[in-house]
>>> print(open('start-v2.cif').read())   # mmCIF, C-alpha atoms and all ligand atoms
data_query
loop_
_atom_site.label_atom_id
_atom_site.label_comp_id
_atom_site.auth_asym_id
_atom_site.auth_seq_id
_atom_site.Cartn_x
_atom_site.Cartn_y
_atom_site.Cartn_z
CA MET T 1003 0.00 0.00 0.00
CA LYS T 1004 1.10 3.59 -0.63
CA ALA T 1005 -0.22 7.11 -0.25
CA ILE T 1006 -0.07 9.94 -2.78
CA GLN T 1007 -1.54 13.43 -3.08
CA ALA T 1008 -3.57 13.69 -6.29
CA ASP T 1009 -6.95 14.22 -7.92
CA ILE T 1010 -8.33 10.66 -8.00
CA THR T 1011 -10.05 11.26 -11.37
CA THR T 1012 -6.61 11.45 -13.00
CA LEU T 1013 -5.38 8.01 -11.89
CA ALA T 1014 -4.98 5.28 -14.53
CA VAL T 1015 -5.62 2.33 -12.20
CA ASP T 1016 -7.91 -0.70 -12.48
CA ALA T 1017 -10.44 0.95 -10.15
CA ILE T 1018 -10.91 4.20 -8.30
CA VAL T 1019 -13.24 4.19 -5.33
CA ASN T 1020 -15.98 6.79 -5.14
CA ALA T 1021 -17.19 8.15 -1.79
CA ALA T 1022 -20.84 8.14 -2.81
CA ASN T 1023 -24.19 8.44 -1.03
CA GLU T 1024 -26.86 5.75 -0.79
CA SER T 1025 -28.69 6.96 -3.90
CA LEU T 1026 -25.57 6.50 -6.09
CA LEU T 1027 -26.95 9.38 -8.16
CA GLY T 1028 -24.03 11.75 -7.67
CA GLY T 1029 -23.32 14.64 -5.32
CA GLY T 1030 -20.51 17.00 -4.43
CA GLY T 1031 -16.94 16.38 -3.31
CA VAL T 1032 -15.14 13.44 -4.89
CA ASP T 1033 -18.50 12.01 -6.03
CA GLY T 1034 -19.15 15.15 -8.05
CA ALA T 1035 -15.63 15.22 -9.47
CA ILE T 1036 -15.86 11.57 -10.58
CA HIS T 1037 -19.26 12.02 -12.24
CA ASP T 1038 -18.12 15.21 -13.97
CA ALA T 1039 -14.98 13.54 -15.33
CA ALA T 1040 -16.61 10.21 -16.25
CA GLY T 1041 -19.47 11.83 -18.13
CA PRO T 1042 -23.25 11.26 -18.21
CA LYS T 1043 -23.10 7.55 -19.05
CA LEU T 1044 -21.91 6.90 -15.51
CA LEU T 1045 -25.13 8.29 -14.05
CA GLU T 1046 -27.13 6.21 -16.55
CA GLU T 1047 -25.44 3.03 -15.30
CA CYS T 1048 -25.81 4.08 -11.65
CA ARG T 1049 -29.57 4.54 -12.11
CA HIS T 1050 -29.84 0.79 -12.70
CA LEU T 1051 -28.00 -0.11 -9.47
CA HIS T 1052 -30.90 0.93 -7.19
CA GLY T 1053 -28.65 2.53 -4.61
CA CYS T 1054 -26.12 1.15 -2.16
CA LYS T 1055 -26.26 0.63 1.60
CA THR T 1056 -23.79 2.38 3.89
CA GLY T 1057 -20.73 0.16 4.26
CA ASP T 1058 -21.43 -1.68 1.02
CA ALA T 1059 -19.99 -1.11 -2.47
CA LYS T 1060 -20.97 -1.57 -6.14
CA ILE T 1061 -18.86 -1.52 -9.31
CA THR T 1062 -19.44 0.29 -12.60
CA ARG T 1063 -17.47 1.14 -15.70
CA ALA T 1064 -15.41 4.35 -15.64
CA TYR T 1065 -16.31 5.75 -19.08
CA LYS T 1066 -14.19 8.85 -19.82
CA LEU T 1067 -11.92 8.37 -16.79
CA PRO T 1068 -8.40 6.90 -17.23
CA ALA T 1069 -9.34 4.22 -14.66
CA LYS T 1070 -11.02 1.02 -15.90
CA HIS T 1071 -13.72 0.78 -13.21
CA ILE T 1072 -15.30 2.78 -10.39
CA ILE T 1073 -16.19 1.08 -7.13
CA HIS T 1074 -18.87 3.19 -5.45
CA THR T 1075 -18.99 2.82 -1.69
CA VAL T 1076 -21.05 4.68 0.89
CA GLY T 1077 -19.26 5.80 4.01
CA PRO T 1078 -20.94 6.59 7.33
CA VAL T 1079 -21.97 10.07 8.34
CA TRP T 1080 -20.06 10.99 11.54
CA HIS T 1081 -22.44 11.26 14.52
CA GLY T 1082 -19.83 11.34 17.28
CA GLY T 1083 -18.51 7.78 17.02
CA ALA T 1084 -21.03 5.81 19.08
CA HIS T 1085 -23.29 4.80 16.19
CA GLY T 1086 -21.22 2.12 14.50
CA GLU T 1087 -19.37 4.61 12.30
CA SER T 1088 -16.00 2.85 12.58
CA GLU T 1089 -17.46 -0.54 11.59
CA SER T 1090 -19.29 0.97 8.62
CA LEU T 1091 -16.16 2.78 7.46
CA ALA T 1092 -14.07 -0.38 7.78
CA ASN T 1093 -16.71 -2.24 5.75
CA CYS T 1094 -16.32 0.27 2.91
CA TYR T 1095 -12.64 -0.61 2.53
CA HIS T 1096 -13.22 -4.33 3.06
CA ARG T 1097 -16.10 -4.62 0.56
CA SER T 1098 -14.33 -2.49 -2.07
CA LEU T 1099 -11.26 -4.75 -1.90
CA GLN T 1100 -13.44 -7.87 -2.03
CA ILE T 1101 -15.15 -6.59 -5.18
CA ALA T 1102 -11.79 -5.67 -6.73
CA CYS T 1103 -10.59 -9.21 -6.04
CA GLU T 1104 -13.80 -10.79 -7.45
CA HIS T 1105 -13.24 -8.83 -10.68
CA GLY T 1106 -9.55 -9.72 -10.93
CA LEU T 1107 -8.46 -6.10 -10.47
CA ARG T 1108 -4.83 -5.51 -9.48
CA THR T 1109 -4.69 -1.81 -8.58
CA ILE T 1110 -7.22 0.28 -6.65
CA ALA T 1111 -7.16 3.87 -5.40
CA PHE T 1112 -9.19 5.06 -2.41
CA PRO T 1113 -10.10 8.64 -1.49
CA CYS T 1114 -10.35 9.51 2.21
CA ILE T 1115 -13.89 8.15 2.55
CA SER T 1116 -16.33 10.05 4.84
CA THR T 1117 -13.79 12.73 5.83
CA GLY T 1118 -15.38 15.53 3.80
CA VAL T 1119 -19.12 16.24 3.80
CA TYR T 1120 -19.74 13.27 6.12
CA GLY T 1121 -17.49 14.80 8.78
CA TYR T 1122 -15.50 11.76 9.90
CA PRO T 1123 -12.37 12.91 11.84
CA ALA T 1124 -9.59 12.48 9.26
CA ASP T 1125 -6.92 10.91 11.49
CA GLN T 1126 -9.33 8.32 12.94
CA ALA T 1127 -10.58 7.50 9.43
CA ALA T 1128 -7.03 7.07 8.14
CA GLU T 1129 -6.20 4.63 10.95
CA ILE T 1130 -9.28 2.55 10.10
CA ALA T 1131 -8.44 2.67 6.39
CA VAL T 1132 -4.83 1.49 6.77
CA ARG T 1133 -5.67 -1.21 9.34
CA THR T 1134 -8.65 -2.56 7.36
CA VAL T 1135 -6.75 -2.61 4.05
CA ARG T 1136 -3.79 -4.40 5.67
CA ASP T 1137 -6.05 -7.01 7.32
CA THR T 1138 -8.18 -7.51 4.18
CA GLN T 1139 -5.14 -7.87 1.91
CA ARG T 1140 -3.91 -10.66 4.18
CA SER T 1141 -7.27 -12.48 4.01
CA LEU T 1142 -8.02 -12.15 0.27
CA PRO T 1143 -7.00 -14.91 -2.18
CA CYS T 1144 -5.54 -12.31 -4.56
CA ASN T 1145 -3.08 -9.42 -4.55
CA VAL T 1146 -4.64 -5.98 -4.93
CA ASP T 1147 -2.22 -3.04 -4.79
CA VAL T 1148 -3.77 -0.17 -2.84
CA ILE T 1149 -3.18 3.54 -3.31
CA PHE T 1150 -4.55 6.00 -0.74
CA CYS T 1151 -5.26 9.05 -2.90
CA CYS T 1152 -5.17 12.07 -0.57
CA PHE T 1153 -6.49 15.43 -1.68
CA SER T 1154 -4.65 17.46 0.96
CA ARG T 1155 -1.04 17.49 2.19
CA ARG T 1156 -2.29 17.02 5.74
CA ALA T 1157 -4.12 13.82 4.84
CA LEU T 1158 -1.07 12.57 2.94
CA GLU T 1159 1.19 13.10 5.96
CA SER T 1160 -1.26 11.23 8.17
CA TYR T 1161 -1.33 8.23 5.80
CA LEU T 1162 2.45 8.21 5.28
CA ARG T 1163 2.96 8.09 9.06
CA LEU T 1164 0.48 5.23 9.46
CA ILE T 1165 1.92 3.22 6.57
CA GLN T 1166 5.44 3.73 7.92
CA ASN T 1167 4.36 2.53 11.38
CA ASN T 1168 2.59 -0.47 9.88
CA ALA T 1169 5.72 -1.33 7.94
CA GLN T 1170 7.77 -1.62 11.15
CA PRO T 1171 8.12 -5.33 11.96
CA ALA T 1172 6.60 -6.11 15.33
CA PRO T 1173 9.37 -6.31 17.96
CA ALA T 1174 10.61 -9.88 18.41
CA PRO T 1175 9.09 -11.51 21.52
CA ASN T 1176 11.21 -11.02 24.71
CA SER T 1177 13.44 -8.55 22.87
CA SER T 1178 14.80 -5.93 25.28
CA PRO T 1179 14.20 -2.39 23.99
CA ALA T 1180 17.46 -0.86 22.67
CA THR T 1181 19.04 1.49 25.23
CA GLY T 1182 21.35 4.46 24.58
CA SER T 1183 24.29 2.72 26.28
CA GLU T 1184 24.22 -0.06 23.63
CA SER T 1185 24.70 2.45 20.84
CA GLY T 1186 27.45 4.19 22.85
CA GLU T 1187 25.29 7.27 23.33
CA ALA T 1188 25.82 9.17 26.58
N1 LIG R 1 -9.69 13.41 -5.61
C1 LIG R 1 -9.36 12.84 -4.42
N2 LIG R 1 -9.96 13.16 -3.26
C2 LIG R 1 -10.93 14.11 -3.30
C3 LIG R 1 -11.32 14.76 -4.50
C4 LIG R 1 -10.65 14.37 -5.69
N3 LIG R 1 -10.95 14.90 -6.88
N4 LIG R 1 -12.31 15.65 -4.21
C5 LIG R 1 -12.51 15.58 -2.88
N5 LIG R 1 -11.68 14.67 -2.33
C6 LIG R 1 -11.55 14.26 -0.93
C7 LIG R 1 -12.00 15.25 0.12
O1 LIG R 1 -10.99 16.22 0.36
C8 LIG R 1 -12.17 14.30 1.30
O2 LIG R 1 -10.92 14.08 1.93
O3 LIG R 1 -12.39 13.14 -0.74
C9 LIG R 1 -12.61 12.98 0.66
C10 LIG R 1 -14.08 12.63 0.86
O4 LIG R 1 -14.85 13.83 0.91
P1 LIG R 1 -16.31 13.89 0.20
O5 LIG R 1 -16.14 13.85 -1.25
O6 LIG R 1 -17.03 15.05 0.81
O7 LIG R 1 -17.02 12.51 0.62
P2 LIG R 1 -17.67 12.08 2.01
O8 LIG R 1 -17.14 12.84 3.17
O9 LIG R 1 -17.56 10.58 2.03
O10 LIG R 1 -19.20 12.49 1.84
C11 LIG R 1 -19.96 11.82 0.88
O11 LIG R 1 -20.63 13.86 -0.13
O12 LIG R 1 -20.24 14.44 -2.27
C12 LIG R 1 -21.18 13.93 -1.44
O13 LIG R 1 -22.49 12.48 -2.82
C13 LIG R 1 -21.54 12.51 -1.79
O14 LIG R 1 -23.38 12.50 -0.29
C14 LIG R 1 -22.05 12.04 -0.48
C15 LIG R 1 -21.12 12.70 0.52
#
>>> encode(input="start-v2.cif", output="structure tokens", more="lines below")
Ligand code: APR
Amino acid sequence: MKAIQADITTLAVDAIVNAANESLLGGGGVDGAIHDAAGPKLLEECRHLHGCKTGDAKITRAYKLPAKHIIHTVGPVWHGGAHGESESLANCYHRSLQIACEHGLRTIAFPCISTGVYGYPADQAAEIAVRTVRDTQRSLPCNVDVIFCCFSRRALESYLRLIQNNAQPAPAPNSSPATGSESGEA
């Protein structure tokens, strides 16, 4: 997995993920940008999907976008954190990766789902995203390369820190933490 700062509509990957709403009929934010760039045929296809539940995801073609597919997922609206928001957000990443795997897709780019209009605290959402993607990649029978496509520098720095921390091998069991004296430091 990696994180970049970019406009997700410009990415030539197998699938970009759209942070949609349950109607799947377009909106603002990244949803609006994707529909604008993909063109009107996307909305035509979405009309036949009959919506999407929060935490679930559905796949369409990408039309005029450089990506091959769009996986539309619906993130939770933030209501303070005691209404199952973290589980729903995790499900968005899990279901999107499952669908990518079912369709034999190799590369997928996620926006920072729910952290715009839906108000999810960005750092908490990033932690859920990185943890869920890591756990799902381990459980899927296929390799899907994941790009976290951040729209702001702040979001990018948050993801880079999390990915770096996740990359650190867990300390070996019974290993004593390194002390200054070992490295000759005063
Ligand atoms: N590329 C990448 N990321 C983008 C882009 C873009 N072109 N445009 C916006 N973003 C980022 C935002 O900065 C935010 O970090 O996508 C993230 C998600 O924000 P929203 O698009 O507002 O999505 P969300 O918070 O999940 O709210 C979904 O908003 O647009 C409506 O129809 C949508 O009702 C749904 C709701």
>>> residues_near_ligand(input="start-v2.cif", ligand="ligand LIG 1 (chain R)", cutoff="8 Å", atoms="only C-alpha atoms and all ligand atoms", output="MDAnalysis selection string")
chainID T and resid 1007:1011 1021:1024 1026:1036 1076:1079 1113:1122 1124 1151:1154 1157
>>> atom_distance(input="start-v2.cif", atom1="CA of Asn1093 (chain T)", atom2="CA of Asn1167 (chain T)")
22.3 Å
>>> closest_residue(input="start-v2.cif", among="T:Ile1006, T:Ile1018, T:Asp1038, T:Ala1127", to="Ile1110 (chain T)", atoms="only C-alpha atoms")
T:Ile1018
>>> atom_distance(input="start-v2.cif", atom1="CA of Glu1104 (chain T)", atom2="CA of Arg1136 (chain T)")
17.7 Å
>>> closest_residue(input="start-v2.cif", among="T:Leu1067, T:Ile1073, T:Ile1130, T:Ile1061", to="Ser1090 (chain T)", atoms="all atoms listed in the file")
T:Ile1130
>>> build_atoms(input="start-v2.cif", residues="region 1096-1113 of chain T", atoms="N, CA, C and O atoms", output="JSON list (two decimals), in the coordinates of the input")
[["chain", "number", "residue", "atom", "x", "y", "z"],
["T", 1096, "HIS", "N", -13.21, -2.87, 3.20],
["T", 1096, "HIS", "CA", -13.22, -4.33, 3.06],
["T", 1096, "HIS", "C", -14.03, -4.75, 1.83],
["T", 1096, "HIS", "O", -13.54, -5.50, 0.97],
["T", 1097, "ARG", "N", -15.23, -4.22, 1.68],
["T", 1097, "ARG", "CA", -16.10, -4.62, 0.56],
["T", 1097, "ARG", "C", -15.50, -4.16, -0.77],
["T", 1097, "ARG", "O", -15.56, -4.89, -1.76],
["T", 1098, "SER", "N", -14.92, -2.98, -0.80],
["T", 1098, "SER", "CA", -14.33, -2.49, -2.07],
["T", 1098, "SER", "C", -13.20, -3.40, -2.51],
["T", 1098, "SER", "O", -13.08, -3.74, -3.70],
["T", 1099, "LEU", "N", -12.36, -3.84, -1.56],
["T", 1099, "LEU", "CA", -11.26, -4.75, -1.90],
["T", 1099, "LEU", "C", -11.79, -6.12, -2.32],
["T", 1099, "LEU", "O", -11.28, -6.73, -3.25],
["T", 1100, "GLN", "N", -12.84, -6.58, -1.65],
["T", 1100, "GLN", "CA", -13.44, -7.87, -2.03],
["T", 1100, "GLN", "C", -13.93, -7.82, -3.47],
["T", 1100, "GLN", "O", -13.66, -8.72, -4.28],
["T", 1101, "ILE", "N", -14.61, -6.74, -3.82],
["T", 1101, "ILE", "CA", -15.15, -6.59, -5.18],
["T", 1101, "ILE", "C", -14.01, -6.50, -6.20],
["T", 1101, "ILE", "O", -14.05, -7.11, -7.27],
["T", 1102, "ALA", "N", -12.95, -5.76, -5.83],
["T", 1102, "ALA", "CA", -11.79, -5.67, -6.73],
["T", 1102, "ALA", "C", -11.22, -7.06, -6.98],
["T", 1102, "ALA", "O", -10.92, -7.44, -8.13],
["T", 1103, "CYS", "N", -11.13, -7.85, -5.92],
["T", 1103, "CYS", "CA", -10.59, -9.21, -6.04],
["T", 1103, "CYS", "C", -11.51, -10.08, -6.91],
["T", 1103, "CYS", "O", -11.06, -10.78, -7.81],
["T", 1104, "GLU", "N", -12.82, -10.00, -6.66],
["T", 1104, "GLU", "CA", -13.80, -10.79, -7.45],
["T", 1104, "GLU", "C", -13.70, -10.47, -8.94],
["T", 1104, "GLU", "O", -13.98, -11.32, -9.78],
["T", 1105, "HIS", "N", -13.31, -9.24, -9.26],
["T", 1105, "HIS", "CA", -13.24, -8.83, -10.68],
["T", 1105, "HIS", "C", -11.83, -8.92, -11.23],
["T", 1105, "HIS", "O", -11.54, -8.40, -12.31],
["T", 1106, "GLY", "N", -10.92, -9.52, -10.45],
["T", 1106, "GLY", "CA", -9.55, -9.72, -10.93],
["T", 1106, "GLY", "C", -8.78, -8.42, -11.10],
["T", 1106, "GLY", "O", -7.85, -8.33, -11.91],
["T", 1107, "LEU", "N", -9.15, -7.39, -10.35],
["T", 1107, "LEU", "CA", -8.46, -6.10, -10.47],
["T", 1107, "LEU", "C", -7.17, -6.13, -9.65],
["T", 1107, "LEU", "O", -7.11, -6.74, -8.59],
["T", 1108, "ARG", "N", -6.14, -5.45, -10.14],
["T", 1108, "ARG", "CA", -4.83, -5.51, -9.48],
["T", 1108, "ARG", "C", -4.47, -4.21, -8.77],
["T", 1108, "ARG", "O", -3.65, -4.21, -7.84],
["T", 1109, "THR", "N", -5.04, -3.08, -9.21],
["T", 1109, "THR", "CA", -4.69, -1.81, -8.58],
["T", 1109, "THR", "C", -5.97, -1.02, -8.29],
["T", 1109, "THR", "O", -6.88, -0.94, -9.12],
["T", 1110, "ILE", "N", -6.04, -0.46, -7.07],
["T", 1110, "ILE", "CA", -7.22, 0.28, -6.65],
["T", 1110, "ILE", "C", -6.78, 1.51, -5.87],
["T", 1110, "ILE", "O", -5.80, 1.45, -5.12],
["T", 1111, "ALA", "N", -7.49, 2.62, -6.12],
["T", 1111, "ALA", "CA", -7.16, 3.87, -5.40],
["T", 1111, "ALA", "C", -8.37, 4.31, -4.59],
["T", 1111, "ALA", "O", -9.49, 4.36, -5.10],
["T", 1112, "PHE", "N", -8.13, 4.60, -3.31],
["T", 1112, "PHE", "CA", -9.19, 5.06, -2.41],
["T", 1112, "PHE", "C", -9.03, 6.55, -2.12],
["T", 1112, "PHE", "O", -7.91, 7.00, -1.86],
["T", 1113, "PRO", "N", -10.15, 7.31, -2.09],
["T", 1113, "PRO", "CA", -10.10, 8.64, -1.49],
["T", 1113, "PRO", "C", -10.23, 8.47, 0.02],
["T", 1113, "PRO", "O", -10.38, 7.35, 0.52]]
